file query00.cif (mmCIF, C-alpha atoms)
data_work
#
loop_
_atom_site.group_PDB
_atom_site.id
_atom_site.type_symbol
_atom_site.label_atom_id
_atom_site.label_comp_id
_atom_site.auth_asym_id
_atom_site.auth_seq_id
_atom_site.Cartn_x
_atom_site.Cartn_y
_atom_site.Cartn_z
ATOM 1 C CA MET A 279 -3.060 -6.599 18.130
ATOM 2 C CA THR A 280 -1.938 -2.934 18.085
ATOM 3 C CA HIS A 281 -0.226 -1.296 21.067
ATOM 4 C CA THR A 282 0.826 2.263 21.882
ATOM 5 C CA HIS A 283 4.317 2.591 23.315
ATOM 6 C CA PRO A 284 5.004 5.210 26.048
ATOM 7 C CA ASP A 285 7.555 6.770 23.675
ATOM 8 C CA GLY A 286 4.730 7.739 21.311
ATOM 9 C CA PHE A 287 4.791 5.192 18.502
ATOM 10 C CA HIS A 288 2.345 2.410 17.668
ATOM 11 C CA TYR A 289 3.325 -1.194 17.050
ATOM 12 C CA THR A 290 1.457 -4.320 16.022
ATOM 13 C CA ILE A 291 2.070 -7.829 17.359
ATOM 14 C CA ILE A 292 1.195 -10.616 14.938
ATOM 15 C CA ARG A 293 1.139 -14.264 16.006
ATOM 16 C CA SER A 294 1.991 -17.016 13.548
ATOM 17 C CA SER A 295 2.030 -20.784 14.004
ATOM 18 C CA ARG A 296 4.703 -20.946 11.260
ATOM 19 C CA ARG A 297 7.206 -18.750 13.105
ATOM 20 C CA LYS A 298 9.901 -20.215 15.335
ATOM 21 C CA SER A 299 11.471 -16.927 16.411
ATOM 22 C CA MET A 300 10.518 -13.314 17.011
ATOM 23 C CA ALA A 301 11.104 -10.663 14.312
ATOM 24 C CA LEU A 302 10.830 -6.873 14.384
ATOM 25 C CA VAL A 303 10.085 -5.105 11.106
ATOM 26 C CA ILE A 304 9.647 -1.409 10.317
ATOM 27 C CA LYS A 305 7.981 -0.964 6.946
ATOM 28 C CA GLN A 306 6.212 2.044 5.445
ATOM 29 C CA GLY A 307 6.136 3.706 8.874
ATOM 30 C CA GLU A 308 4.582 0.662 10.558
ATOM 31 C CA VAL A 309 6.274 -1.195 13.419
ATOM 32 C CA ILE A 310 5.415 -4.896 13.306
ATOM 33 C CA VAL A 311 6.541 -7.617 15.720
ATOM 34 C CA ARG A 312 5.951 -11.148 14.443
ATOM 35 C CA ILE A 313 6.033 -13.833 17.133
ATOM 36 C CA PRO A 314 5.485 -17.617 17.386
ATOM 37 C CA ALA A 315 1.918 -18.501 18.382
ATOM 38 C CA LYS A 316 2.969 -19.851 21.803
ATOM 39 C CA LEU A 317 5.155 -16.892 22.797
ATOM 40 C CA ALA A 318 3.767 -14.584 25.481
ATOM 41 C CA VAL A 319 2.757 -11.121 24.304
ATOM 42 C CA SER A 320 4.610 -9.657 27.295
ATOM 43 C CA THR A 321 7.884 -11.025 25.877
ATOM 44 C CA ALA A 322 7.315 -9.092 22.657
ATOM 45 C CA GLN A 323 6.433 -5.962 24.638
ATOM 46 C CA HIS A 324 9.658 -6.194 26.665
ATOM 47 C CA PHE A 325 11.574 -6.635 23.400
ATOM 48 C CA VAL A 326 10.006 -3.466 21.979
ATOM 49 C CA ASP A 327 10.881 -1.603 25.197
ATOM 50 C CA LYS A 328 14.549 -2.543 24.772
ATOM 51 C CA LYS A 329 14.485 -1.476 21.116
ATOM 52 C CA SER A 330 12.394 1.686 21.587
ATOM 53 C CA LEU A 331 15.267 4.156 21.021
ATOM 54 C CA TRP A 332 16.342 2.347 17.843
ATOM 55 C CA ILE A 333 12.721 2.192 16.640
ATOM 56 C CA LYS A 334 12.237 5.940 17.142
ATOM 57 C CA GLN A 335 15.442 6.689 15.260
ATOM 58 C CA LYS A 336 14.381 4.472 12.355
ATOM 59 C CA LEU A 337 10.945 6.079 12.192
ATOM 60 C CA GLN A 338 12.519 9.547 12.140
ATOM 61 C CA GLN A 339 14.982 8.534 9.402
ATOM 62 C CA ARG A 340 12.193 7.225 7.171
ATOM 63 C CA PRO A 341 12.066 9.427 4.079
ATOM 64 C CA VAL A 342 8.841 11.310 3.544
ATOM 65 C CA THR A 343 7.126 9.991 0.442
ATOM 66 C CA GLN A 344 5.609 12.837 -1.521
ATOM 67 C CA GLU A 345 1.918 12.261 -2.049
ATOM 68 C CA LYS A 346 0.745 11.850 -5.606
ATOM 69 C CA VAL A 347 -1.591 14.448 -7.090
ATOM 70 C CA TYR A 348 -2.283 12.502 -10.333
ATOM 71 C CA ALA A 349 -1.583 15.374 -12.677
ATOM 72 C CA ASP A 350 -0.015 15.823 -16.088
ATOM 73 C CA GLY A 351 3.787 15.676 -15.836
ATOM 74 C CA GLU A 352 3.914 13.623 -12.619
ATOM 75 C CA SER A 353 6.393 10.729 -12.380
ATOM 76 C CA PHE A 354 5.531 7.047 -11.867
ATOM 77 C CA LEU A 355 7.644 3.896 -11.661
ATOM 78 C CA PHE A 356 7.262 0.989 -14.066
ATOM 79 C CA LEU A 357 9.717 -1.943 -14.114
ATOM 80 C CA GLY A 358 12.173 0.162 -12.132
ATOM 81 C CA GLU A 359 12.204 3.077 -14.573
ATOM 82 C CA THR A 360 10.651 6.516 -14.133
ATOM 83 C CA TYR A 361 7.868 7.478 -16.536
ATOM 84 C CA GLU A 362 6.154 10.822 -16.959
ATOM 85 C CA LEU A 363 2.361 10.893 -17.026
ATOM 86 C CA LYS A 364 0.866 12.738 -19.993
ATOM 87 C CA ILE A 365 -2.884 13.296 -20.161
ATOM 88 C CA HIS A 366 -4.553 13.856 -23.531
ATOM 89 C CA ASN A 367 -8.122 14.724 -24.487
ATOM 90 C CA SER A 368 -9.195 12.451 -27.320
ATOM 91 C CA SER A 369 -12.025 10.332 -28.648
ATOM 92 C CA ALA A 370 -10.456 7.279 -26.978
ATOM 93 C CA GLU A 371 -12.251 6.093 -23.857
ATOM 94 C CA ASN A 372 -9.735 5.976 -20.990
ATOM 95 C CA THR A 373 -6.885 4.331 -22.876
ATOM 96 C CA ILE A 374 -3.314 4.143 -21.550
ATOM 97 C CA LYS A 375 -0.237 3.537 -23.687
ATOM 98 C CA GLN A 376 3.372 3.212 -22.573
ATOM 99 C CA GLU A 377 5.586 4.990 -25.104
ATOM 100 C CA ASP A 378 9.296 5.729 -24.641
ATOM 101 C CA ASN A 379 9.557 7.342 -21.204
ATOM 102 C CA LEU A 380 5.881 8.324 -21.079
ATOM 103 C CA ILE A 381 2.685 6.827 -19.697
ATOM 104 C CA GLN A 382 0.048 8.375 -21.971
ATOM 105 C CA LEU A 383 -3.537 8.578 -20.725
ATOM 106 C CA TYR A 384 -6.125 9.343 -23.392
ATOM 107 C CA THR A 385 -9.571 10.333 -22.159
ATOM 108 C CA LYS A 386 -12.781 11.956 -23.366
ATOM 109 C CA LYS A 387 -13.168 13.757 -20.059
ATOM 110 C CA LYS A 388 -11.645 17.235 -20.191
ATOM 111 C CA ASP A 389 -11.567 17.612 -16.409
ATOM 112 C CA MET A 390 -10.907 14.112 -15.086
ATOM 113 C CA THR A 391 -10.545 14.143 -11.301
ATOM 114 C CA ALA A 392 -7.434 12.953 -9.485
ATOM 115 C CA ASP A 393 -9.413 9.923 -8.251
ATOM 116 C CA GLY A 394 -10.452 9.151 -11.816
ATOM 117 C CA ILE A 395 -6.867 9.333 -13.059
ATOM 118 C CA LYS A 396 -5.704 7.123 -10.184
ATOM 119 C CA ARG A 397 -8.379 4.518 -11.009
ATOM 120 C CA GLN A 398 -7.296 4.409 -14.660
ATOM 121 C CA LEU A 399 -3.633 4.112 -13.699
ATOM 122 C CA GLU A 400 -4.304 1.329 -11.206
ATOM 123 C CA LYS A 401 -6.380 -0.567 -13.789
ATOM 124 C CA TRP A 402 -3.515 -0.317 -16.282
ATOM 125 C CA TYR A 403 -0.860 -1.315 -13.736
ATOM 126 C CA ARG A 404 -2.911 -4.338 -12.666
ATOM 127 C CA GLU A 405 -3.272 -5.442 -16.288
ATOM 128 C CA GLN A 406 0.483 -5.101 -16.839
ATOM 129 C CA ALA A 407 1.189 -6.956 -13.596
ATOM 130 C CA ASN A 408 -1.068 -9.867 -14.528
ATOM 131 C CA THR A 409 0.706 -10.260 -17.858
ATOM 132 C CA ILE A 410 4.310 -9.614 -16.800
ATOM 133 C CA LEU A 411 4.339 -11.319 -13.394
ATOM 134 C CA THR A 412 2.473 -14.386 -14.640
ATOM 135 C CA SER A 413 4.761 -14.843 -17.640
ATOM 136 C CA ARG A 414 7.968 -14.468 -15.613
ATOM 137 C CA PHE A 415 6.619 -16.633 -12.797
ATOM 138 C CA PHE A 416 6.042 -19.697 -14.944
ATOM 139 C CA GLN A 417 9.288 -19.159 -16.874
ATOM 140 C CA LEU A 418 11.278 -19.180 -13.630
ATOM 141 C CA ALA A 419 9.319 -22.094 -12.177
ATOM 142 C CA GLU A 420 10.083 -24.198 -15.241
ATOM 143 C CA ALA A 421 13.727 -23.090 -15.449
ATOM 144 C CA HIS A 422 14.407 -24.095 -11.832
ATOM 145 C CA GLN A 423 12.093 -27.128 -11.776
ATOM 146 C CA PHE A 424 9.584 -25.839 -9.248
ATOM 147 C CA SER A 425 6.016 -27.138 -9.410
ATOM 148 C CA PRO A 426 3.621 -24.497 -8.043
ATOM 149 C CA LYS A 427 -0.093 -25.305 -8.038
ATOM 150 C CA SER A 428 -1.229 -21.852 -9.158
ATOM 151 C CA LEU A 429 -0.507 -18.127 -9.128
ATOM 152 C CA ILE A 430 -2.746 -15.261 -8.033
ATOM 153 C CA VAL A 431 -1.766 -11.607 -8.567
ATOM 154 C CA LYS A 432 -3.497 -9.535 -5.897
ATOM 155 C CA THR A 433 -3.231 -6.574 -3.534
ATOM 156 C CA TYR A 434 -1.153 -6.817 -0.374
ATOM 157 C CA LYS A 435 -0.716 -3.994 2.081
ATOM 158 C CA ALA A 436 2.548 -5.037 3.701
ATOM 159 C CA ARG A 437 4.101 -7.936 1.773
ATOM 160 C CA TRP A 438 5.285 -8.697 -1.748
ATOM 161 C CA GLY A 439 4.153 -12.298 -1.956
ATOM 162 C CA SER A 440 3.181 -15.456 -0.129
ATOM 163 C CA CYS A 441 3.223 -19.218 -0.604
ATOM 164 C CA CYS A 442 0.563 -21.547 0.790
ATOM 165 C CA ARG A 443 1.321 -25.124 1.795
ATOM 166 C CA SER A 444 -1.128 -26.171 -0.925
ATOM 167 C CA GLY A 445 1.333 -24.848 -3.517
ATOM 168 C CA GLU A 446 -0.633 -21.709 -4.382
ATOM 169 C CA ILE A 447 1.563 -18.616 -4.683
ATOM 170 C CA GLN A 448 0.358 -15.026 -4.520
ATOM 171 C CA LEU A 449 2.200 -11.910 -5.699
ATOM 172 C CA ASN A 450 1.533 -8.235 -5.044
ATOM 173 C CA TRP A 451 0.632 -6.471 -8.312
ATOM 174 C CA LYS A 452 2.679 -3.426 -7.235
ATOM 175 C CA LEU A 453 5.823 -5.464 -7.886
ATOM 176 C CA VAL A 454 5.445 -4.465 -11.551
ATOM 177 C CA MET A 455 6.860 -1.075 -10.526
ATOM 178 C CA ALA A 456 10.146 -2.684 -9.386
ATOM 179 C CA PRO A 457 13.183 -3.538 -11.550
ATOM 180 C CA GLU A 458 12.940 -6.889 -13.330
ATOM 181 C CA LYS A 459 15.727 -8.458 -11.256
ATOM 182 C CA VAL A 460 13.895 -7.519 -8.060
ATOM 183 C CA ILE A 461 10.694 -9.051 -9.432
ATOM 184 C CA GLU A 462 12.606 -12.239 -10.245
ATOM 185 C CA TYR A 463 14.026 -12.355 -6.709
ATOM 186 C CA VAL A 464 10.562 -12.103 -5.125
ATOM 187 C CA ILE A 465 9.202 -14.796 -7.437
ATOM 188 C CA LEU A 466 12.117 -17.136 -6.686
ATOM 189 C CA HIS A 467 11.808 -16.372 -2.968
ATOM 190 C CA GLU A 468 8.194 -17.549 -2.989
ATOM 191 C CA LEU A 469 8.965 -20.562 -5.189
ATOM 192 C CA CYS A 470 11.623 -21.650 -2.687
ATOM 193 C CA HIS A 471 8.910 -21.737 -0.024
ATOM 194 C CA LEU A 472 7.436 -24.696 -1.896
ATOM 195 C CA HIS A 473 10.322 -26.702 -0.405
ATOM 196 C CA HIS A 474 10.852 -24.793 2.862
ATOM 197 C CA HIS A 475 7.811 -23.204 4.542
ATOM 198 C CA ASN A 476 10.015 -21.093 6.781
ATOM 199 C CA HIS A 477 13.042 -18.796 6.646
ATOM 200 C CA SER A 478 15.542 -21.335 7.874
ATOM 201 C CA ALA A 479 19.183 -21.571 6.806
ATOM 202 C CA SER A 480 18.146 -24.282 4.331
ATOM 203 C CA PHE A 481 15.596 -21.945 2.788
ATOM 204 C CA TRP A 482 18.095 -19.113 2.315
ATOM 205 C CA GLN A 483 20.647 -21.536 0.872
ATOM 206 C CA LEU A 484 18.105 -22.583 -1.749
ATOM 207 C CA VAL A 485 17.354 -18.917 -2.505
ATOM 208 C CA ALA A 486 21.086 -18.299 -2.957
ATOM 209 C CA ASP A 487 21.370 -21.309 -5.270
ATOM 210 C CA VAL A 488 18.652 -20.073 -7.635
ATOM 211 C CA CYS A 489 19.294 -16.323 -7.182
ATOM 212 C CA PRO A 490 22.956 -15.694 -6.215
ATOM 213 C CA THR A 491 22.459 -11.894 -6.142
ATOM 214 C CA PHE A 492 19.375 -12.038 -3.926
ATOM 215 C CA ARG A 493 20.904 -9.911 -1.154
ATOM 216 C CA GLU A 494 21.159 -6.790 -3.317
ATOM 217 C CA HIS A 495 17.571 -7.218 -4.524
ATOM 218 C CA LYS A 496 16.325 -7.804 -0.983
ATOM 219 C CA LEU A 497 18.129 -4.618 0.092
ATOM 220 C CA TRP A 498 16.647 -2.673 -2.838
ATOM 221 C CA LEU A 499 13.149 -3.625 -1.694
ATOM 222 C CA ARG A 500 13.914 -2.649 1.881
ATOM 223 C CA GLN A 501 15.192 0.757 0.778
ATOM 224 C CA ASN A 502 12.706 1.468 -2.023
ATOM 225 C CA GLY A 503 9.566 -0.473 -1.169
ATOM 226 C CA ASP A 504 7.758 2.728 -0.151
ATOM 227 C CA ARG A 505 8.100 3.978 -3.729
ATOM 228 C CA LEU A 506 6.161 1.053 -5.209
ATOM 229 C CA THR A 507 2.763 2.607 -4.804
ATOM 230 C CA LEU A 508 0.133 4.662 -6.544
#
call {"tool": "encode", "arguments": {"input": "query00.cif", "output": "structure tokens"}}
result
Amino acid sequence: MTHTHPDGFHYTIIRSSRRKSMALVIKQGEVIVRIPAKLAVSTAQHFVDKKSLWIKQKLQQRPVTQEKVYADGESFLFLGETYELKIHNSSAENTIKQEDNLIQLYTKKKDMTADGIKRQLEKWYREQANTILTSRFFQLAEAHQFSPKSLIVKTYKARWGSCCRSGEIQLNWKLVMAPEKVIEYVILHELCHLHHHNHSASFWQLVADVCPTFREHKLWLRQNGDRLTL
């Protein structure tokens, strides 16, 4: 449910039967208020009214992310490091290789469009994510004696992962752009939800037990999450 505030910004109220308290999040320019299913919408609206000045300040402070043009020489993140895109005309059919600090795209098309380049990059990133995230996921699950039912690597618009009560865990493929320690934190965060389907003190204590440095990785995501995109 999306609302327009008199101060000129939009915000979305999301109900959840799993929530026990209200939470306000500003992410990628979106203002989201998550509330327990039984809480009145008017309560959330009053809360936003009280926080409106702070919300406007946060929205104004949000750094402007430069839009990609998908051209030779442009920079992209992979496992937390910056790589330069190099486009080559060759007999290879849309092949991408990661070499040193370069992401090399080989294509038969001399004038590949920006959309075409983006599609090839996303295909490559998804392939890398499936391999890297899956491997690290099961390594960490075994190391910390978690027993997930399954893993799905998929697209999320506004979250990095989720854990179902059935034991199925899902991860955002864009995580493969983040540093390895941040990836490990997100994986462990979701694995901890196998024992605590909430964000209670017990949940965060378990996260701290398996990932003592989780706070710095959580902060990194909050500050850099906008950069993990194509």
call {"tool": "residues_around", "arguments": {"input": "query00.cif", "residues": "stretch 414-421 of chain A", "least_positions_apart": "2", "cutoff": "12 Å", "atoms": "all atoms listed in the file", "output": "number ranges by chain"}}
result
A: 407-412, 423-431, 439, 447-449, 454, 458-470, 472, 488-489
call {"tool": "residues_around", "arguments": {"input": "query00.cif", "residues": "stretch 298-306 of chain A", "least_positions_apart": "4", "cutoff": "9 Å", "atoms": "only C-alpha atoms", "output": "VMD selection string"}}
result
chain A and resid 294 310 to 315 317 322 326 333 336 to 337 340 436 476 500 503 to 504
call {"tool": "residues_around", "arguments": {"input": "query00.cif", "residues": "A:Glu371", "least_positions_apart": "2", "cutoff": "8 Å", "atoms": "all atoms listed in the file", "output": "PyMOL selection string"}}
result
chain A and resi 368-369+373+384-386
call {"tool": "atom_distance", "arguments": {"input": "query00.cif", "atom1": "atom CA of A:Ala318", "atom2": "atom CA of A:Ile292"}}
result
11.6 Å
call {"tool": "residues_around", "arguments": {"input": "query00.cif", "residues": "A:Met390", "least_positions_apart": "3", "cutoff": "12 Å", "atoms": "all atoms listed in the file", "output": "mmCIF file with C-alpha atoms, in the coordinates of the input"}}
result
data_model
loop_
_atom_site.group_PDB
_atom_site.id
_atom_site.type_symbol
_atom_site.label_atom_id
_atom_site.label_comp_id
_atom_site.auth_asym_id
_atom_site.auth_seq_id
_atom_site.Cartn_x
_atom_site.Cartn_y
_atom_site.Cartn_z
ATOM 1 C CA TYR A 348 -2.283 12.502 -10.333
ATOM 2 C CA ALA A 349 -1.583 15.374 -12.677
ATOM 3 C CA ASP A 350 -0.015 15.823 -16.088
ATOM 4 C CA ILE A 365 -2.884 13.296 -20.161
ATOM 5 C CA HIS A 366 -4.553 13.856 -23.531
ATOM 6 C CA ASN A 367 -8.122 14.724 -24.487
ATOM 7 C CA GLU A 371 -12.251 6.093 -23.857
ATOM 8 C CA ASN A 372 -9.735 5.976 -20.990
ATOM 9 C CA LEU A 383 -3.537 8.578 -20.725
ATOM 10 C CA TYR A 384 -6.125 9.343 -23.392
ATOM 11 C CA THR A 385 -9.571 10.333 -22.159
ATOM 12 C CA LYS A 386 -12.781 11.956 -23.366
ATOM 13 C CA LYS A 387 -13.168 13.757 -20.059
ATOM 14 C CA ASP A 393 -9.413 9.923 -8.251
ATOM 15 C CA GLY A 394 -10.452 9.151 -11.816
ATOM 16 C CA ILE A 395 -6.867 9.333 -13.059
ATOM 17 C CA LYS A 396 -5.704 7.123 -10.184
ATOM 18 C CA ARG A 397 -8.379 4.518 -11.009
ATOM 19 C CA GLN A 398 -7.296 4.409 -14.660
#
call {"tool": "axis_aligned_box", "arguments": {"input": "query00.cif", "around": "stretch 367-378 of chain A", "padding_each_side": "5 Å", "output": "JSON"}}
result
{"center_x": -1.5, "center_y": 9.0, "center_z": -24.8, "size_x": 31.5, "size_y": 21.5, "size_z": 17.7}
call {"tool": "atom_distance", "arguments": {"input": "query00.cif", "atom1": "atom CA of A:Trp498", "atom2": "atom CA of A:Leu355"}}
result
14.2 Å
call {"tool": "atom_distance", "arguments": {"input": "query00.cif", "atom1": "atom CA of A:Leu508", "atom2": "atom CA of A:Phe287"}}
result
25.5 Å
call {"tool": "closest_residue", "arguments": {"input": "query00.cif", "among": "A:Thr507, A:Thr321, A:Ser295, A:Ser353", "to": "A:Leu453", "atoms": "all atoms listed in the file"}}
result
A:Thr507
call {"tool": "closest_residue", "arguments": {"input": "query00.cif", "among": "A:Trp451, A:Phe356, A:Tyr361, A:Tyr289", "to": "A:Arg404", "atoms": "only C-alpha atoms"}}
result
A:Trp451
call {"tool": "closest_residue", "arguments": {"input": "query00.cif", "among": "A:Gly307, A:Thr491, A:Glu359, A:Asp389", "to": "A:Gln338", "atoms": "all atoms listed in the file"}}
result
A:Gly307
call {"tool": "closest_residue", "arguments": {"input": "query00.cif", "among": "A:Asn450, A:Gln382, A:Gln376, A:Asn502", "to": "A:Thr433", "atoms": "all atoms listed in the file"}}
result
A:Asn450
call {"tool": "resolve_selection", "arguments": {"input": "query00.cif", "expression": "the PyMOL selection byres ((chain A and resi 327) around 12)", "output": "list in words"}}
result
His281, Thr282, His283, Pro284, Asp285, Gly286, Phe287, Tyr289, Ser320, Thr321, Ala322, Gln323, His324, Phe325, Val326, Lys328, Lys329, Ser330, Leu331, Trp332, Ile333 and Lys334 of chain A
call {"tool": "write_last_selection", "arguments": {"input": "query00.cif", "atoms": "C-alpha atoms", "output": "compact mmCIF listing (two decimals), in the frame of the given file"}}
result
# COMPACT_ATOMS: atom_id res chain seq x y z
CA HIS A 281 -0.23 -1.30 21.07
CA THR A 282 0.83 2.26 21.88
CA HIS A 283 4.32 2.59 23.32
CA PRO A 284 5.00 5.21 26.05
CA ASP A 285 7.56 6.77 23.68
CA GLY A 286 4.73 7.74 21.31
CA PHE A 287 4.79 5.19 18.50
CA TYR A 289 3.32 -1.19 17.05
CA SER A 320 4.61 -9.66 27.30
CA THR A 321 7.88 -11.02 25.88
CA ALA A 322 7.32 -9.09 22.66
CA GLN A 323 6.43 -5.96 24.64
CA HIS A 324 9.66 -6.19 26.66
CA PHE A 325 11.57 -6.64 23.40
CA VAL A 326 10.01 -3.47 21.98
CA LYS A 328 14.55 -2.54 24.77
CA LYS A 329 14.48 -1.48 21.12
CA SER A 330 12.39 1.69 21.59
CA LEU A 331 15.27 4.16 21.02
CA TRP A 332 16.34 2.35 17.84
CA ILE A 333 12.72 2.19 16.64
CA LYS A 334 12.24 5.94 17.14
call {"tool": "residues_near_point", "arguments": {"input": "query00.cif", "point": "(7.8, 7.0, -20.7)", "cutoff": "8 Å", "atoms": "only C-alpha atoms", "output": "PyMOL selection string"}}
result
chain A and resi 360-363+376-382
call {"tool": "residues_around", "arguments": {"input": "query00.cif", "residues": "A:Ser480", "least_positions_apart": "6", "cutoff": "12 Å", "atoms": "all atoms listed in the file", "output": "MDAnalysis selection string"}}
result
chainID A and resid 470:471 473:474 486:487
call {"tool": "closest_residue", "arguments": {"input": "query00.cif", "among": "A:Leu484, A:Ile291, A:Ala392, A:Leu497", "to": "A:Glu345", "atoms": "all atoms listed in the file"}}
result
A:Ala392
call {"tool": "decode", "arguments": {"input": "query00.cif", "residues": "stretch 393-409 of chain A", "atoms": "N, CA and C atoms", "output": "JSON list (two decimals), in the first residue's frame"}}
result
[["chain", "number", "residue", "atom", "x", "y", "z"],
["A", 393, "ASP", "N", 21.56, -2.46, -24.41],
["A", 393, "ASP", "CA", 20.69, -3.50, -23.85],
["A", 393, "ASP", "C", 21.29, -4.88, -24.07],
["A", 394, "GLY", "N", 21.90, -5.08, -25.23],
["A", 394, "GLY", "CA", 22.53, -6.37, -25.52],
["A", 394, "GLY", "C", 23.69, -6.65, -24.60],
["A", 395, "ILE", "N", 24.51, -5.63, -24.36],
["A", 395, "ILE", "CA", 25.65, -5.77, -23.45],
["A", 395, "ILE", "C", 25.16, -6.06, -22.03],
["A", 396, "LYS", "N", 24.12, -5.34, -21.61],
["A", 396, "LYS", "CA", 23.56, -5.56, -20.27],
["A", 396, "LYS", "C", 23.06, -6.99, -20.12],
["A", 397, "ARG", "N", 22.37, -7.50, -21.15],
["A", 397, "ARG", "CA", 21.85, -8.88, -21.09],
["A", 397, "ARG", "C", 22.98, -9.90, -20.94],
["A", 398, "GLN", "N", 24.08, -9.69, -21.68],
["A", 398, "GLN", "CA", 25.21, -10.61, -21.60],
["A", 398, "GLN", "C", 25.87, -10.54, -20.22],
["A", 399, "LEU", "N", 26.00, -9.32, -19.70],
["A", 399, "LEU", "CA", 26.59, -9.16, -18.37],
["A", 399, "LEU", "C", 25.72, -9.82, -17.30],
["A", 400, "GLU", "N", 24.41, -9.59, -17.38],
["A", 400, "GLU", "CA", 23.53, -10.18, -16.37],
["A", 400, "GLU", "C", 23.56, -11.70, -16.44],
["A", 401, "LYS", "N", 23.60, -12.26, -17.65],
["A", 401, "LYS", "CA", 23.69, -13.71, -17.80],
["A", 401, "LYS", "C", 24.96, -14.24, -17.13],
["A", 402, "TRP", "N", 26.07, -13.54, -17.35],
["A", 402, "TRP", "CA", 27.34, -13.97, -16.76],
["A", 402, "TRP", "C", 27.31, -13.85, -15.24],
["A", 403, "TYR", "N", 26.81, -12.72, -14.74],
["A", 403, "TYR", "CA", 26.73, -12.52, -13.29],
["A", 403, "TYR", "C", 25.85, -13.58, -12.64],
["A", 404, "ARG", "N", 24.74, -13.92, -13.26],
["A", 404, "ARG", "CA", 23.85, -14.94, -12.71],
["A", 404, "ARG", "C", 24.55, -16.30, -12.65],
["A", 405, "GLU", "N", 25.30, -16.61, -13.69],
["A", 405, "GLU", "CA", 26.04, -17.88, -13.71],
["A", 405, "GLU", "C", 27.07, -17.92, -12.58],
["A", 406, "GLN", "N", 27.80, -16.80, -12.42],
["A", 406, "GLN", "CA", 28.80, -16.73, -11.34],
["A", 406, "GLN", "C", 28.12, -16.83, -9.98],
["A", 407, "ALA", "N", 26.99, -16.17, -9.83],
["A", 407, "ALA", "CA", 26.26, -16.19, -8.56],
["A", 407, "ALA", "C", 25.79, -17.60, -8.21],
["A", 408, "ASN", "N", 25.25, -18.30, -9.19],
["A", 408, "ASN", "CA", 24.79, -19.67, -8.94],
["A", 408, "ASN", "C", 25.93, -20.55, -8.45],
["A", 409, "THR", "N", 27.09, -20.40, -9.05],
["A", 409, "THR", "CA", 28.24, -21.23, -8.66],
["A", 409, "THR", "C", 28.80, -20.80, -7.30]]
